[in-house]
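Below is one structure; the comments refer to it alone.
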There are 2 protein chains.
Amino acid sequence: MSELYEPKSKHIPQATIKRLATYVQVLKNFDRDNVEVVSSNPLAEACGVQGSQVRKDLAYFGEFGIRGVGYHVKSLMQSITSSLGVDHEWPMVLVGVGNLGRAMINHINRHAHAFTIKAIFDCDPFKIGDKVYGFEVLSPSEIQDCVEKMHIAIGIITTRPERAQRACDHLVNAGITAILNFAPARIKVPDTVKVEYVDFFRNLYSLVFNLTQGEKN
Amino acid sequence: MSELYEPKSKHIPQATIKRLATYVQVLKNFDRDNVEVVSSNPLAEACGVQGSQVRKDLAYFGEFGIRGVGYHVKSLMQSITSSLGVDHEWPMVLVGVGNLGRAMINHINRHAHAFTIKAIFDCDPFKIGDKVYGFEVLSPSEIQDCVEKMHIAIGIITTRPERAQRACDHLVNAGITAILNFAPARIKVPDTVKVEYVDFFRNLYSLVFNLTQGEKN
DNA sequence: TAGCTCTTGTGAAAAATTGTACAAGGAGAA
DNA sequence: TTCTCCTTGTACAATTTTTCACAAGAGCTA
């Protein structure tokens with residue numbers, strides 16, 4: 001087995017990446033239950049997809065399984081996280097220390113191995129200087145310095161929607177190239193910056209649509 | 001224009017539903033800025049999709065535009081929300097009053113028009129009876145009664161991953177048919193129950209993958 | 001009314017994704 | 001070693017989703 005996993009083919013669907021994240025989550029559970037080897041079908045079932053889908057997704061990055069046997073849980077986890085680049089720590093900054101922001105600081109720094117919030121910012125001068133979960137709330141003017149010193153690539157936005165674009169601009173100017181936006185607003189960024197939106201109202205809309213559809217059938 | 005909007009065609013992609021939620025979000029902003037009419041291209045650009053995509057998505061539900069003119073912002077919002085069934089209130093219950101749970105109670109009840117949390121539950125006997133944002137934390141044994149009395153269809157899970165399945169079982173037994181799961185764990189439900197997963201580590205994985213990919217090019 | 005401009009709604013084409021089916025290959029038994 | 005049993009990895013087929021391109025239609029002007 002090689003040390004470094006590079007994609008075998010050019011283009012990998014975003015859906016595949018998202019599924020790989022799920023596989024890791026489920027593999028962690030298998031590992032916790034002391035399962036050592038798992039084949040594609042049980043893994044797929046636990047993730048709510050088809051076995052062939054799992055095999056195809058993994059095939060983008062390499063051959064991690066043993067024919068006739070399956071996948072070694074621990075080594076597959078390692079292979080996936082290494083392939084995606086989440087096998088080491090990613091420091092992050094967060095802008096917007098409201099209720100949602102506080103929850104995320106706490107939630108992310110507790111749960112995630114690969115992701116840690118290192119500094120927090122807010123535009124509200126009354127909040128600057130406050131201590132939140134051990135962090136001092138800083139002024140956005142300090143983002144750039146912080147990002148450069150700590151080599152931070154990822155920023156999180158948890159402001160109100162009206163403030164999202166401003167927060168985004170601060171982050172982009174500071175040199176951030178990836179943004180996770182929790183604010184219910186679309187933001188404009190240069191092509192060089194990647195944005196992911198987390199908006200669970202989308203999920204609620206989807207649930208409601210399925211509920212109302214179901215009634216008609 | 002008719003009063004009730006029913007889908008014109010049989011199957012509508014989930015991706016379309018999710019995009020429609022985004023359109024509503026963006027239309028709200030146009031409305032706030034007193035824009036009265038918008039055509040598909042500017043709307044699409046603000047949502048990060050193609051104009052033809054917007055038109056096709058809307059076409060699943062009816063003809064809401066005026067040729068040569070565009071869409072009336074207010075009436076399009078109304079048409080979409082009515083089509084999806086989110087033009088009236090959906091009461092919800094939440095299980096798991098930890099940090100994430102608290103944040104969601106506050107966040108959802110402040111922001112969303114169509115969605116309101118009506119009661120909150122926790123398995124931890126030490127939490128039961130506590131007051132959180134005006135709600136008393138109840139025992140899971142009371143879910144069924146609550147769901148029936150208030151005609152609640154949607155449940156939210158914000159427990160720790162180990163507890164997610166138990167919370168889910170409580171909800172399903174109580175008659176809940178749609179679940180929004182924030183816990184980083186997959187849950188098993190009967191076919192009649194819809195589940196949507198909110199897992200922003202997926203989004204973080206995606207960002208990191210794109211960052212590491214970008215380096216290589 | 002006729003003519004011009006603009007944008008929708010939609011069939012058809014293209015692209016992307018998912019599912020199928022099976023050859024290839026590893027492990028263990030005889 | 002040889003045979004059998006399993007499961008992977010992948011070529012190909014089917015399906016789904018997105019994009020393209022344009023006819024149809026609405027408003028405005030003269």
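To be explicit about the labels: the chains of the structure tokens are called A, B, and onward in the order shown, and within each one the residues are counted from 1, while ligands get numbers from 1 in the order they are shown.
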
Residues within 9 Å of DG25 (chain C), only C-alpha atoms (C1' of nucleotides), excluding chain neighbours under 2 positions, as a PyMOL selection string:
(chain A and resi 66-68) or (chain D and resi 8)

Chain B near chain C within 12 Å: what's each residue's closest atom pair and its distance in Å to one decimal, counting only C-alpha atoms (C1' of nucleotides), ordered by chain then ascending residue number, as a Markdown table?
| residue | atom | partner | partner_atom | distance |
| --- | --- | --- | --- | --- |
| B:Val38 | CA | C:DT7 | C1' | 10.5 |
| B:Ser39 | CA | C:DT7 | C1' | 7.3 |
| B:Ser40 | CA | C:DT7 | C1' | 8.3 |
| B:Asn41 | CA | C:DT7 | C1' | 9.6 |
| B:Gly51 | CA | C:DT8 | C1' | 10.8 |
| B:Ser52 | CA | C:DG9 | C1' | 9.7 |
| B:Gln53 | CA | C:DG9 | C1' | 11.7 |
| B:Val54 | CA | C:DT8 | C1' | 11.0 |
| B:Arg55 | CA | C:DG9 | C1' | 7.3 |
| B:Lys56 | CA | C:DG9 | C1' | 7.9 |
| B:Asp57 | CA | C:DG9 | C1' | 10.9 |
| B:Leu58 | CA | C:DG9 | C1' | 9.6 |
| B:Ala59 | CA | C:DG9 | C1' | 7.2 |
| B:Tyr60 | CA | C:DG9 | C1' | 10.6 |
| B:Phe61 | CA | C:DG9 | C1' | 11.9 |
| B:Gly62 | CA | C:DG9 | C1' | 9.7 |
| B:Glu63 | CA | C:DG9 | C1' | 7.7 |
| B:Phe64 | CA | C:DT8 | C1' | 9.3 |
| B:Gly65 | CA | C:DT8 | C1' | 6.5 |
| B:Ile66 | CA | C:DT8 | C1' | 6.4 |
| B:Arg67 | CA | C:DT8 | C1' | 4.3 |
| B:Gly68 | CA | C:DT7 | C1' | 3.8 |
| B:Val69 | CA | C:DT7 | C1' | 5.8 |
| B:Gly70 | CA | C:DT7 | C1' | 6.2 |
| B:Tyr71 | CA | C:DT8 | C1' | 9.3 |

Hey, list the chain D side of the contact with chain B: 8 Å cut-off, only C-alpha atoms (C1' of nucleotides), answer as a ChimeraX atom specification.
/D:18-19,25-27

In region 9-171 of chain B, what's strand (DSSP E or B) per DSSP? Answer as JSON, numbers by chain?
{"B": [37, 38, 66, 70, 71, 72, 90, 91, 92, 93, 94, 95, 115, 116, 117, 118, 119, 120, 121, 131, 132, 135, 136, 137, 138, 154, 155, 156, 157]}

Resulting file, chosen residues, N, CA and C atoms, as a compact mmCIF listing (two decimals), in the first residue's frame:
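Output contents, as saved in result_18.txt:
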# COMPACT_ATOMS: atom_id res chain seq x y z
N VAL B 37 -39.60 43.19 -9.67
CA VAL B 37 -39.58 42.18 -10.73
C VAL B 37 -38.14 41.75 -10.98
N VAL B 38 -37.94 40.46 -11.17
CA VAL B 38 -36.60 39.96 -11.44
C VAL B 38 -36.70 38.90 -12.53
N ILE B 66 -43.68 36.08 -16.48
CA ILE B 66 -44.32 36.79 -17.59
C ILE B 66 -43.26 36.94 -18.68
N GLY B 70 -40.30 38.89 -16.74
CA GLY B 70 -39.60 38.21 -15.66
C GLY B 70 -40.58 37.72 -14.61
N TYR B 71 -40.12 37.66 -13.37
CA TYR B 71 -40.96 37.16 -12.28
C TYR B 71 -41.22 38.29 -11.29
N HIS B 72 -42.46 38.36 -10.84
CA HIS B 72 -42.81 39.30 -9.78
C HIS B 72 -42.32 38.70 -8.46
N TRP B 90 -45.16 25.05 10.55
CA TRP B 90 -44.91 23.64 10.88
C TRP B 90 -44.35 23.58 12.29
N PRO B 91 -45.14 23.08 13.23
CA PRO B 91 -44.64 22.94 14.59
C PRO B 91 -43.69 21.75 14.68
N MET B 92 -42.68 21.85 15.54
CA MET B 92 -41.68 20.78 15.62
C MET B 92 -41.32 20.49 17.07
N VAL B 93 -40.76 19.30 17.32
CA VAL B 93 -40.18 19.00 18.62
C VAL B 93 -38.69 18.76 18.46
N LEU B 94 -37.95 18.97 19.54
CA LEU B 94 -36.51 18.78 19.49
C LEU B 94 -36.08 17.85 20.62
N VAL B 95 -35.18 16.90 20.29
CA VAL B 95 -34.66 15.99 21.32
C VAL B 95 -33.15 16.19 21.44
N PHE B 115 -41.26 27.55 10.45
CA PHE B 115 -40.89 26.47 11.36
C PHE B 115 -40.73 26.97 12.79
N THR B 116 -41.38 26.27 13.72
CA THR B 116 -41.29 26.65 15.13
C THR B 116 -41.12 25.42 16.00
N ILE B 117 -40.18 25.48 16.91
CA ILE B 117 -40.04 24.41 17.89
C ILE B 117 -41.04 24.67 19.01
N LYS B 118 -41.85 23.63 19.33
CA LYS B 118 -42.94 23.79 20.29
C LYS B 118 -42.65 23.13 21.63
N ALA B 119 -41.75 22.13 21.61
CA ALA B 119 -41.43 21.44 22.86
C ALA B 119 -40.06 20.80 22.74
N ILE B 120 -39.37 20.66 23.88
CA ILE B 120 -38.02 20.10 23.86
C ILE B 120 -37.88 18.98 24.88
N PHE B 121 -37.05 17.98 24.52
CA PHE B 121 -36.93 16.77 25.33
C PHE B 121 -35.46 16.39 25.54
N LYS B 131 -35.41 25.01 32.58
CA LYS B 131 -36.00 25.94 31.63
C LYS B 131 -34.94 26.38 30.62
N VAL B 132 -35.24 26.26 29.33
CA VAL B 132 -34.31 26.67 28.28
C VAL B 132 -35.05 27.54 27.27
N PHE B 135 -38.67 27.22 27.43
CA PHE B 135 -39.28 25.89 27.37
C PHE B 135 -38.82 25.04 28.56
N GLU B 136 -39.74 24.24 29.07
CA GLU B 136 -39.35 23.28 30.09
C GLU B 136 -38.85 22.02 29.39
N VAL B 137 -37.72 21.50 29.82
CA VAL B 137 -37.19 20.26 29.24
C VAL B 137 -38.04 19.10 29.76
N LEU B 138 -38.61 18.33 28.81
CA LEU B 138 -39.52 17.23 29.18
C LEU B 138 -38.85 15.87 29.00
N ILE B 154 -42.75 16.94 12.50
CA ILE B 154 -41.30 17.01 12.32
C ILE B 154 -40.57 16.99 13.65
N GLY B 155 -39.54 16.15 13.74
CA GLY B 155 -38.70 16.10 14.93
C GLY B 155 -37.26 16.44 14.59
N ILE B 156 -36.58 17.08 15.54
CA ILE B 156 -35.18 17.43 15.34
C ILE B 156 -34.34 16.69 16.36
N ILE B 157 -33.25 16.08 15.91
CA ILE B 157 -32.35 15.37 16.83
C ILE B 157 -31.06 16.15 16.97

Each chain B residue no farther than 8 Å from chain A, nearest pair in Å, only C-alpha atoms, as a Markdown table:
| residue | atom | partner | partner_atom | distance |
| --- | --- | --- | --- | --- |
| B:Gln14 | CA | A:Ser206 | CA | 7.1 |
| B:Ile17 | CA | A:Ser206 | CA | 6.0 |
| B:Lys18 | CA | A:Arg202 | CA | 5.2 |
| B:Arg19 | CA | A:Arg202 | CA | 7.8 |
| B:Ala21 | CA | A:Arg202 | CA | 5.4 |
| B:Thr22 | CA | A:Arg202 | CA | 7.2 |
| B:Gln25 | CA | A:Ala185 | CA | 7.1 |
| B:Val26 | CA | A:Ala185 | CA | 7.2 |
| B:Ala46 | CA | A:Arg186 | CA | 7.0 |
| B:Cys47 | CA | A:Arg186 | CA | 6.7 |
| B:Leu84 | CA | A:Phe209 | CA | 5.0 |
| B:Gly85 | CA | A:Phe209 | CA | 6.2 |
| B:Val86 | CA | A:Tyr205 | CA | 6.9 |
| B:Asn99 | CA | A:Ala103 | CA | 6.0 |
| B:Leu100 | CA | A:Ala103 | CA | 5.8 |
| B:Ala103 | CA | A:Leu100 | CA | 5.8 |
| B:Met104 | CA | A:Leu100 | CA | 7.7 |
| B:Asn106 | CA | A:Asn99 | CA | 7.6 |
| B:His107 | CA | A:Leu100 | CA | 6.8 |
| B:Thr177 | CA | A:Leu211 | CA | 7.8 |
| B:Ala178 | CA | A:Leu207 | CA | 6.2 |
| B:Ile179 | CA | A:Leu207 | CA | 7.7 |
| B:Leu180 | CA | A:Leu204 | CA | 7.2 |
| B:Pro184 | CA | A:Gln25 | CA | 7.3 |
| B:Ala185 | CA | A:Gln25 | CA | 7.2 |
| B:Arg186 | CA | A:Cys47 | CA | 6.7 |
| B:Lys194 | CA | A:Leu207 | CA | 6.7 |
| B:Val195 | CA | A:Leu207 | CA | 7.4 |
| B:Glu196 | CA | A:Asn203 | CA | 6.0 |
| B:Tyr197 | CA | A:Asn203 | CA | 7.7 |
| B:Val198 | CA | A:Phe200 | CA | 6.5 |
| B:Phe200 | CA | A:Val198 | CA | 6.5 |
| B:Phe201 | CA | A:Ala21 | CA | 7.3 |
| B:Arg202 | CA | A:Lys18 | CA | 5.2 |
| B:Asn203 | CA | A:Glu196 | CA | 6.0 |
| B:Leu204 | CA | A:Leu180 | CA | 7.2 |
| B:Tyr205 | CA | A:Ala21 | CA | 6.5 |
| B:Ser206 | CA | A:Ile17 | CA | 6.0 |
| B:Leu207 | CA | A:Ala178 | CA | 6.2 |
| B:Val208 | CA | A:Gly85 | CA | 6.4 |
| B:Phe209 | CA | A:Leu84 | CA | 5.0 |
| B:Asn210 | CA | A:Lys194 | CA | 7.6 |
| B:Leu211 | CA | A:Ala178 | CA | 7.4 |
| B:Thr212 | CA | A:Gly85 | CA | 6.5 |

Filtered DSSP result for region 11-129 of chain B, state alpha helix (DSSP H), as JSON, numbers by chain:
{"B": [14, 15, 16, 17, 18, 19, 20, 21, 22, 23, 24, 25, 26, 27, 28, 29, 30, 31, 32, 40, 41, 42, 43, 44, 45, 46, 47, 51, 52, 53, 54, 55, 56, 57, 58, 59, 73, 74, 75, 76, 77, 78, 79, 80, 81, 82, 83, 84, 99, 100, 101, 102, 103, 104, 105, 106, 107, 108, 109, 110, 111]}

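Across the model, the gap from CA of Met150 (chain B) to CA of Glu89 (chain B) is 12.0 Å.
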